[in-house]
>>> print(open('data-v7.tsv').read())   # TSV, C-alpha atoms
chain	number	residue	atom	x	y	z
A	1	MET	CA	-57.43	153.15	169.07
A	2	ILE	CA	-57.01	154.05	165.39
A	3	ALA	CA	-56.27	157.61	166.40
A	4	ALA	CA	-53.55	156.45	168.80
A	5	TRP	CA	-51.98	154.32	166.04
A	6	LEU	CA	-52.01	157.26	163.62
A	7	SER	CA	-50.42	159.48	166.25
A	8	SER	CA	-47.60	156.98	166.86
A	9	ALA	CA	-46.98	156.55	163.12
A	10	LEU	CA	-46.77	160.31	162.60
A	11	ALA	CA	-44.31	160.61	165.47
A	12	LEU	CA	-42.05	157.89	164.07
A	13	SER	CA	-42.23	159.49	160.63
A	14	ALA	CA	-41.15	162.82	162.09
A	15	LEU	CA	-38.20	161.19	163.85
A	16	ALA	CA	-37.14	159.49	160.64
A	17	VAL	CA	-37.21	162.79	158.74
A	18	GLU	CA	-35.36	164.71	161.42
A	19	ALA	CA	-32.63	162.10	162.05
A	20	PRO	CA	-29.28	163.44	160.86
A	21	ALA	CA	-27.56	161.67	157.93
A	22	LEU	CA	-24.70	159.34	158.80
A	23	PRO	CA	-21.27	160.70	157.87
A	24	GLU	CA	-19.53	159.11	154.89
A	25	LEU	CA	-16.92	156.53	155.82
A	26	ALA	CA	-13.33	157.58	155.15
A	27	VAL	CA	-11.58	155.83	152.29
A	28	SER	CA	-9.20	153.17	153.59
A	29	ARG	CA	-5.53	154.22	153.34
A	30	SER	CA	-2.32	152.32	153.87
A	31	ALA	CA	1.37	153.13	154.24
A	32	PRO	CA	3.02	153.79	150.85
A	33	GLY	CA	5.07	150.96	149.35
A	34	TRP	CA	4.84	147.21	148.86
A	35	SER	CA	3.35	144.81	151.40
A	36	LYS	CA	2.26	141.18	151.44
A	37	GLN	CA	-1.38	140.77	152.35
A	38	GLY	CA	-2.94	137.33	152.31
A	39	ARG	CA	-2.44	135.82	148.87
A	40	SER	CA	-1.36	139.04	147.19
A	41	LEU	CA	1.49	141.51	146.93
A	42	VAL	CA	-0.01	145.00	146.98
A	43	LEU	CA	1.53	148.39	146.25
A	44	TYR	CA	0.19	151.64	147.70
A	45	ASP	CA	1.07	155.03	146.23
A	46	ALA	CA	2.27	158.13	148.07
A	47	GLU	CA	-1.31	158.96	149.10
A	48	GLY	CA	-1.93	155.47	150.48
A	49	SER	CA	-4.21	154.32	147.66
A	50	LEU	CA	-3.91	150.88	146.10
A	51	SER	CA	-2.06	151.24	142.79
A	52	PHE	CA	-0.85	147.71	141.93
A	53	GLU	CA	-1.61	144.13	142.95
A	54	ILE	CA	-0.06	140.76	142.10
A	55	GLY	CA	-1.92	137.58	142.98
A	56	LEU	CA	-0.03	134.68	144.54
A	57	LEU	CA	-1.35	131.24	143.68
A	58	ARG	CA	-0.81	127.52	143.35
A	59	GLU	CA	-2.83	125.38	140.97
A	60	GLU	CA	-2.70	121.79	139.77
A	61	THR	CA	-3.80	120.85	136.26
A	62	GLY	CA	-3.19	117.26	135.28
A	63	SER	CA	0.54	116.69	135.47
A	64	VAL	CA	1.38	120.41	135.66
A	65	THR	CA	1.83	122.53	138.78
A	66	ARG	CA	1.82	126.30	138.40
A	67	GLU	CA	2.68	128.55	141.31
A	68	VAL	CA	3.40	132.23	141.84
A	69	SER	CA	5.14	133.17	145.09
A	70	GLY	CA	6.65	136.43	146.25
A	71	GLY	CA	7.86	138.77	148.95
A	72	VAL	CA	8.81	142.38	149.63
A	73	ALA	CA	11.94	144.33	150.58
A	74	PRO	CA	12.27	145.47	154.21
A	75	ASN	CA	11.67	149.14	153.28
A	76	GLY	CA	8.74	148.34	150.96
A	77	GLU	CA	10.38	149.95	147.92
A	78	ALA	CA	10.73	146.72	145.94
A	79	ALA	CA	9.17	143.28	145.67
A	80	TRP	CA	9.84	139.96	143.99
A	81	THR	CA	7.73	137.28	142.36
A	82	LEU	CA	8.82	133.83	141.24
A	83	GLU	CA	6.56	131.93	138.85
A	84	ARG	CA	7.27	128.21	138.47
A	85	ARG	CA	5.68	125.79	136.04
A	86	LEU	CA	6.52	122.20	136.99
A	87	THR	CA	5.74	119.25	134.75
A	88	TRP	CA	5.58	115.78	136.34
A	89	ASN	CA	5.31	112.24	135.08
A	90	PRO	CA	1.77	110.72	135.25
A	91	SER	CA	2.30	109.38	138.79
A	92	ARG	CA	3.83	112.71	139.90
A	93	GLY	CA	6.79	110.80	141.27
A	94	ARG	CA	9.38	112.43	139.00
A	95	LEU	CA	9.86	116.03	137.88
A	96	LEU	CA	10.25	116.21	134.10
A	97	GLU	CA	10.61	119.95	133.58
A	98	SER	CA	10.85	123.14	135.61
A	99	ARG	CA	10.32	126.53	134.00
A	100	ARG	CA	10.81	129.59	136.18
A	101	MET	CA	10.73	133.35	135.97
A	102	LEU	CA	11.85	135.68	138.75
A	103	LYS	CA	10.85	139.34	138.52
A	104	ILE	CA	12.04	142.21	140.68
A	105	HIS	CA	9.43	144.95	140.89
A	106	GLY	CA	10.21	148.60	141.60
A	107	SER	CA	8.47	151.32	143.59
A	108	THR	CA	5.84	151.99	140.91
A	109	GLY	CA	5.17	148.35	140.04
A	110	GLN	CA	7.51	148.23	137.06
A	111	THR	CA	9.73	145.20	136.41
A	112	LEU	CA	13.32	146.24	137.13
A	113	TRP	CA	14.87	142.99	135.90
A	114	SER	CA	14.12	139.29	135.59
A	115	ASP	CA	15.91	135.93	135.76
A	116	ASP	CA	14.81	132.55	134.38
A	117	ALA	CA	17.07	130.37	136.58
A	118	ALA	CA	16.06	131.46	140.09
A	119	ASP	CA	14.68	128.69	142.27
A	120	TRP	CA	13.79	127.80	145.86
A	121	PRO	CA	16.66	126.44	147.99
A	122	GLU	CA	15.97	123.67	150.51
A	123	LYS	CA	15.17	126.19	153.27
A	124	GLY	CA	14.12	129.82	153.30
A	125	GLU	CA	13.32	132.03	150.33
A	126	PRO	CA	15.10	132.31	146.97
A	127	VAL	CA	15.53	136.09	147.28
A	128	ALA	CA	17.05	138.32	149.96
A	129	PHE	CA	17.00	142.14	149.90
A	130	SER	CA	19.24	144.58	151.73
A	131	ASP	CA	17.35	146.94	154.02
A	132	ASP	CA	17.47	149.73	151.39
A	133	SER	CA	16.46	147.27	148.61
A	134	LYS	CA	19.50	148.28	146.52
A	135	VAL	CA	21.18	144.87	146.75
A	136	VAL	CA	19.42	141.60	145.92
A	137	LEU	CA	20.77	138.10	146.56
A	138	ILE	CA	19.21	135.27	144.57
A	139	ALA	CA	19.49	131.47	144.50
A	140	ARG	CA	19.85	130.04	140.97
A	141	HIS	CA	19.40	126.46	139.78
A	142	LEU	CA	21.03	125.39	136.51
A	143	GLY	CA	20.84	121.72	135.60
A	144	GLU	CA	22.14	119.72	138.56
A	145	SER	CA	24.02	122.60	140.21
A	146	TRP	CA	23.22	125.75	142.16
A	147	THR	CA	24.78	129.20	142.19
A	148	VAL	CA	24.30	132.33	144.29
A	149	GLU	CA	24.33	135.78	142.72
A	150	ALA	CA	24.14	139.28	144.16
A	151	ARG	CA	22.86	142.08	141.93
A	152	ASP	CA	22.07	145.76	142.28
A	153	TRP	CA	18.66	147.34	141.73
A	154	ALA	CA	19.30	147.56	137.97
A	155	GLY	CA	20.25	143.87	137.68
A	156	SER	CA	24.02	144.34	137.32
A	157	SER	CA	25.97	141.50	138.90
A	158	LYS	CA	27.99	142.25	142.03
A	159	LEU	CA	29.02	138.71	142.97
A	160	LYS	CA	28.67	135.16	141.63
A	161	ALA	CA	29.46	132.06	143.67
A	162	GLY	CA	29.22	128.35	142.97
A	163	PRO	CA	28.48	125.88	141.57
A	164	PHE	CA	27.12	123.99	144.57
A	165	PRO	CA	25.66	120.45	144.44
A	166	ARG	CA	22.98	121.43	146.99
A	167	LEU	CA	21.89	124.83	148.21
A	168	VAL	CA	20.28	124.96	151.63
A	169	SER	CA	19.72	128.69	152.17
A	170	VAL	CA	20.88	132.21	151.33
A	171	ALA	CA	20.96	135.39	153.42
A	172	LEU	CA	22.12	138.98	153.16
A	173	ALA	CA	23.34	141.31	155.91
A	174	PRO	CA	21.00	144.32	156.37
A	175	GLY	CA	23.43	146.80	154.82
A	176	GLY	CA	23.90	144.68	151.70
A	177	ARG	CA	27.68	144.31	151.83
A	178	TYR	CA	27.93	140.77	153.22
A	179	ALA	CA	26.19	137.57	152.11
A	180	VAL	CA	26.07	133.96	153.23
A	181	ALA	CA	25.15	130.72	151.47
A	182	ARG	CA	24.73	127.37	153.18
A	183	TRP	CA	25.40	124.52	150.80
A	184	GLY	CA	26.32	120.86	150.87
A	185	VAL	CA	27.68	117.81	149.14
A	186	PRO	CA	25.78	114.50	149.44
A	187	ASP	CA	26.90	112.39	152.43
A	188	LYS	CA	29.07	115.21	153.83
A	189	SER	CA	28.60	117.98	156.37
A	190	ASP	CA	27.20	121.26	155.04
A	191	THR	CA	29.38	124.34	154.55
A	192	HIS	CA	28.62	128.00	155.29
A	193	SER	CA	30.25	130.34	152.75
A	194	PHE	CA	30.51	134.00	153.70
A	195	PHE	CA	31.15	136.75	151.14
A	196	ASP	CA	32.23	140.39	151.10
A	197	LEU	CA	30.50	141.81	148.02
A	198	TRP	CA	32.86	144.80	147.85
A	199	THR	CA	36.23	143.07	148.10
A	200	LYS	CA	35.05	139.66	146.72
A	201	ALA	CA	36.62	137.96	149.77
A	202	ARG	CA	35.20	134.57	150.73
A	203	LYS	CA	35.41	132.45	153.87
A	204	ASP	CA	34.18	128.84	154.09
A	205	ILE	CA	33.34	127.34	157.50
A	206	GLU	CA	32.12	123.81	158.10
A	207	THR	CA	28.57	123.94	159.42
A	208	SER	CA	29.50	121.34	162.04
A	209	ASP	CA	31.94	123.88	163.55
A	210	LEU	CA	29.08	126.31	164.26
A	211	THR	CA	26.90	126.26	167.36
A	212	LEU	CA	23.81	124.24	166.43
A	213	GLY	CA	24.87	124.71	162.82
A	214	LEU	CA	23.77	128.36	162.88
A	215	ALA	CA	25.60	131.61	162.14
A	216	ARG	CA	24.86	135.33	161.93
A	217	LEU	CA	26.66	137.82	159.69
A	218	GLY	CA	26.29	141.48	160.62
A	219	ASP	CA	27.08	144.74	158.88
A	220	ASP	CA	30.37	144.86	160.80
A	221	GLY	CA	31.60	141.84	158.83
A	222	VAL	CA	31.74	139.60	161.90
A	223	VAL	CA	30.44	136.02	161.74
A	224	ARG	CA	28.89	135.00	165.05
A	225	SER	CA	27.62	131.61	166.17
A	226	GLY	CA	25.99	131.36	169.58
A	227	ARG	CA	28.10	133.61	171.81
A	228	ARG	CA	31.27	133.18	169.75
A	229	ASP	CA	32.85	135.44	167.16
A	230	VAL	CA	33.89	132.87	164.55
A	231	PHE	CA	35.41	135.06	161.84
A	232	ALA	CA	35.70	138.72	160.86
A	233	PHE	CA	36.27	140.24	157.42
A	234	ILE	CA	38.94	142.93	157.31
A	235	THR	CA	37.36	146.31	156.62
A	236	ALA	CA	39.50	149.31	155.73
A	237	PRO	CA	38.79	152.26	158.08
A	238	SER	CA	38.36	154.66	155.14
A	239	THR	CA	35.81	152.48	153.37
A	240	THR	CA	32.29	153.93	153.39
A	241	THR	CA	29.02	152.59	152.12
A	242	GLU	CA	28.48	155.36	149.60
A	243	GLY	CA	32.07	155.30	148.36
A	244	ALA	CA	32.08	151.56	147.87
A	245	ARG	CA	28.84	151.60	145.88
A	246	LYS	CA	29.92	154.22	143.35
>>> encode(input="data-v7.tsv", output="C-alpha cells")
Amino acid sequence: MIAAWLSSALALSALAVEAPALPELAVSRSAPGWSKQGRSLVLYDAEGSLSFEIGLLREETGSVTREVSGGVAPNGEAAWTLERRLTWNPSRGRLLESRRMLKIHGSTGQTLWSDDAADWPEKGEPVAFSDDSKVVLIARHLGESWTVEARDWAGSSKLKAGPFPRLVSVALAPGGRYAVARWGVPDKSDTHSFFDLWTKARKDIETSDLTLGLARLGDDGVVRSGRRDVFAFITAPSTTTEGARK
C-alpha cells in the first residue's frame, strides 16, 4: 500500500514538473484619449497606456460641500473638470458662499485654460464641446445673473450672451458654429436663444412656441422642433468652416 502511494506521488510530481508554464497576460490597453470611467476621468496615450487620471468626488465636511465633476469631448481630445466648494449655514438651508474652478484639459493632460465663474445650470452640464473639441460653450454664474460664453481651445472668447436671471441649459451644434441657451425670467415662460458664433446673429424664440418645449439646432443652422423647421440662420454659400475659423 505504501508502495502504491509512493508511485502515485511520483507520478503527480512528474506531471507538475512537465506541465508547461502559463503564458503571461497581455497588458490592458485602451483607445487613446480621454474617457470617463466610473468616478474618474482617465487619459490614455498613443500606445493605449494610462497616462493621467483625475478623481471625481463629493464630500461633506460640517457645513462645507466639496465636489469635483467632469466630462470629456466627443473625440476624446479634451476634458473638463469643475470643482465647487459650497459653504452652507448650520442648518444647510441657505447657501452662504460658492467657490468654483473650471479647468479645460488638453490631449496630454495639461490645463489649457480655466474659469472661476462656471457653474451648473438647472438642467444638463455646464460645458459643451464641439465634436472636434475646438469650441467650448460654458455656463457662467456671476452674483444673481447668468451668462453663456463660447471660447476656442486656447480660451479666447468667441461669443458672450446674457445676463439671464435663470439659466436652464446650454448646448452646442456638433460643428461648433451654432449654440443655444434656454433661460427664463421668474413667473414667465422660458426662452430659447440661438446663436451663430461666426456672424454673432441671435434669434430668441419663446419656449412655449416649440413642440413640447424642445428644439434642435444642427450644423446647417436650422432650428427644428418636432417635425417643424422653426427658424434658419442665413449662411453665405462661400463660407467654409476653415475660412471662418482663421
>>> residues_around(input="data-v7.tsv", residues="A:Pro32", least_positions_apart="6", cutoff="10 Å", atoms="all atoms listed in the file", output="count of residues only")
12
>>> atom_distance(input="data-v7.tsv", atom1="atom CA of A:His105", atom2="atom CA of A:Glu144")
28.3 Å
>>> residues_near_point(input="data-v7.tsv", point="(25.6, 125.7, 142.7)", cutoff="9 Å", atoms="all atoms listed in the file", output="PDB file with C-alpha atoms, in the coordinates of the input")
ATOM      1  CA  ALA A 139      19.490 131.470 144.500  1.00  0.00           C
ATOM      2  CA  ARG A 140      19.850 130.040 140.970  1.00  0.00           C
ATOM      3  CA  HIS A 141      19.400 126.460 139.780  1.00  0.00           C
ATOM      4  CA  LEU A 142      21.030 125.390 136.510  1.00  0.00           C
ATOM      5  CA  GLU A 144      22.140 119.720 138.560  1.00  0.00           C
ATOM      6  CA  SER A 145      24.020 122.600 140.210  1.00  0.00           C
ATOM      7  CA  TRP A 146      23.220 125.750 142.160  1.00  0.00           C
ATOM      8  CA  THR A 147      24.780 129.200 142.190  1.00  0.00           C
ATOM      9  CA  VAL A 148      24.300 132.330 144.290  1.00  0.00           C
ATOM     10  CA  ALA A 161      29.460 132.060 143.670  1.00  0.00           C
ATOM     11  CA  GLY A 162      29.220 128.350 142.970  1.00  0.00           C
ATOM     12  CA  PRO A 163      28.480 125.880 141.570  1.00  0.00           C
ATOM     13  CA  PHE A 164      27.120 123.990 144.570  1.00  0.00           C
ATOM     14  CA  PRO A 165      25.660 120.450 144.440  1.00  0.00           C
ATOM     15  CA  ARG A 166      22.980 121.430 146.990  1.00  0.00           C
ATOM     16  CA  LEU A 167      21.890 124.830 148.210  1.00  0.00           C
ATOM     17  CA  TRP A 183      25.400 124.520 150.800  1.00  0.00           C
TER      18      TRP A 183
END
>>> residues_around(input="data-v7.tsv", residues="A:Gly221", least_positions_apart="3", cutoff="10 Å", atoms="all atoms listed in the file", output="list in words")
Ala173, Arg177, Tyr178, Ala179, Phe194, Phe195, Asp196, Arg216, Leu217, Gly218, Arg224, Phe231, Ala232, Phe233, Ile234 and Thr235 of chain A
>>> closest_residue(input="data-v7.tsv", among="A:Asp116, A:Arg84, A:Asp187, A:Leu41", to="A:Glu59", atoms="all atoms listed in the file")
A:Arg84
>>> closest_residue(input="data-v7.tsv", among="A:Ala118, A:Leu172, A:Ile104, A:Leu212", to="A:Leu137", atoms="only C-alpha atoms")
A:Leu172
>>> closest_residue(input="data-v7.tsv", among="A:Ala201, A:Val223, A:Ala79, A:Ile138", to="A:Thr108", atoms="only C-alpha atoms")
A:Ala79
>>> atom_distance(input="data-v7.tsv", atom1="atom CA of A:Val68", atom2="atom CA of A:Gly175")
28.0 Å
>>> closest_residue(input="data-v7.tsv", among="A:Leu56, A:Ala31, A:Val127, A:Val185", to="A:Ala73", atoms="only C-alpha atoms")
A:Val127
>>> atom_distance(input="data-v7.tsv", atom1="atom CA of A:Leu210", atom2="atom CA of A:Ser225")
5.8 Å
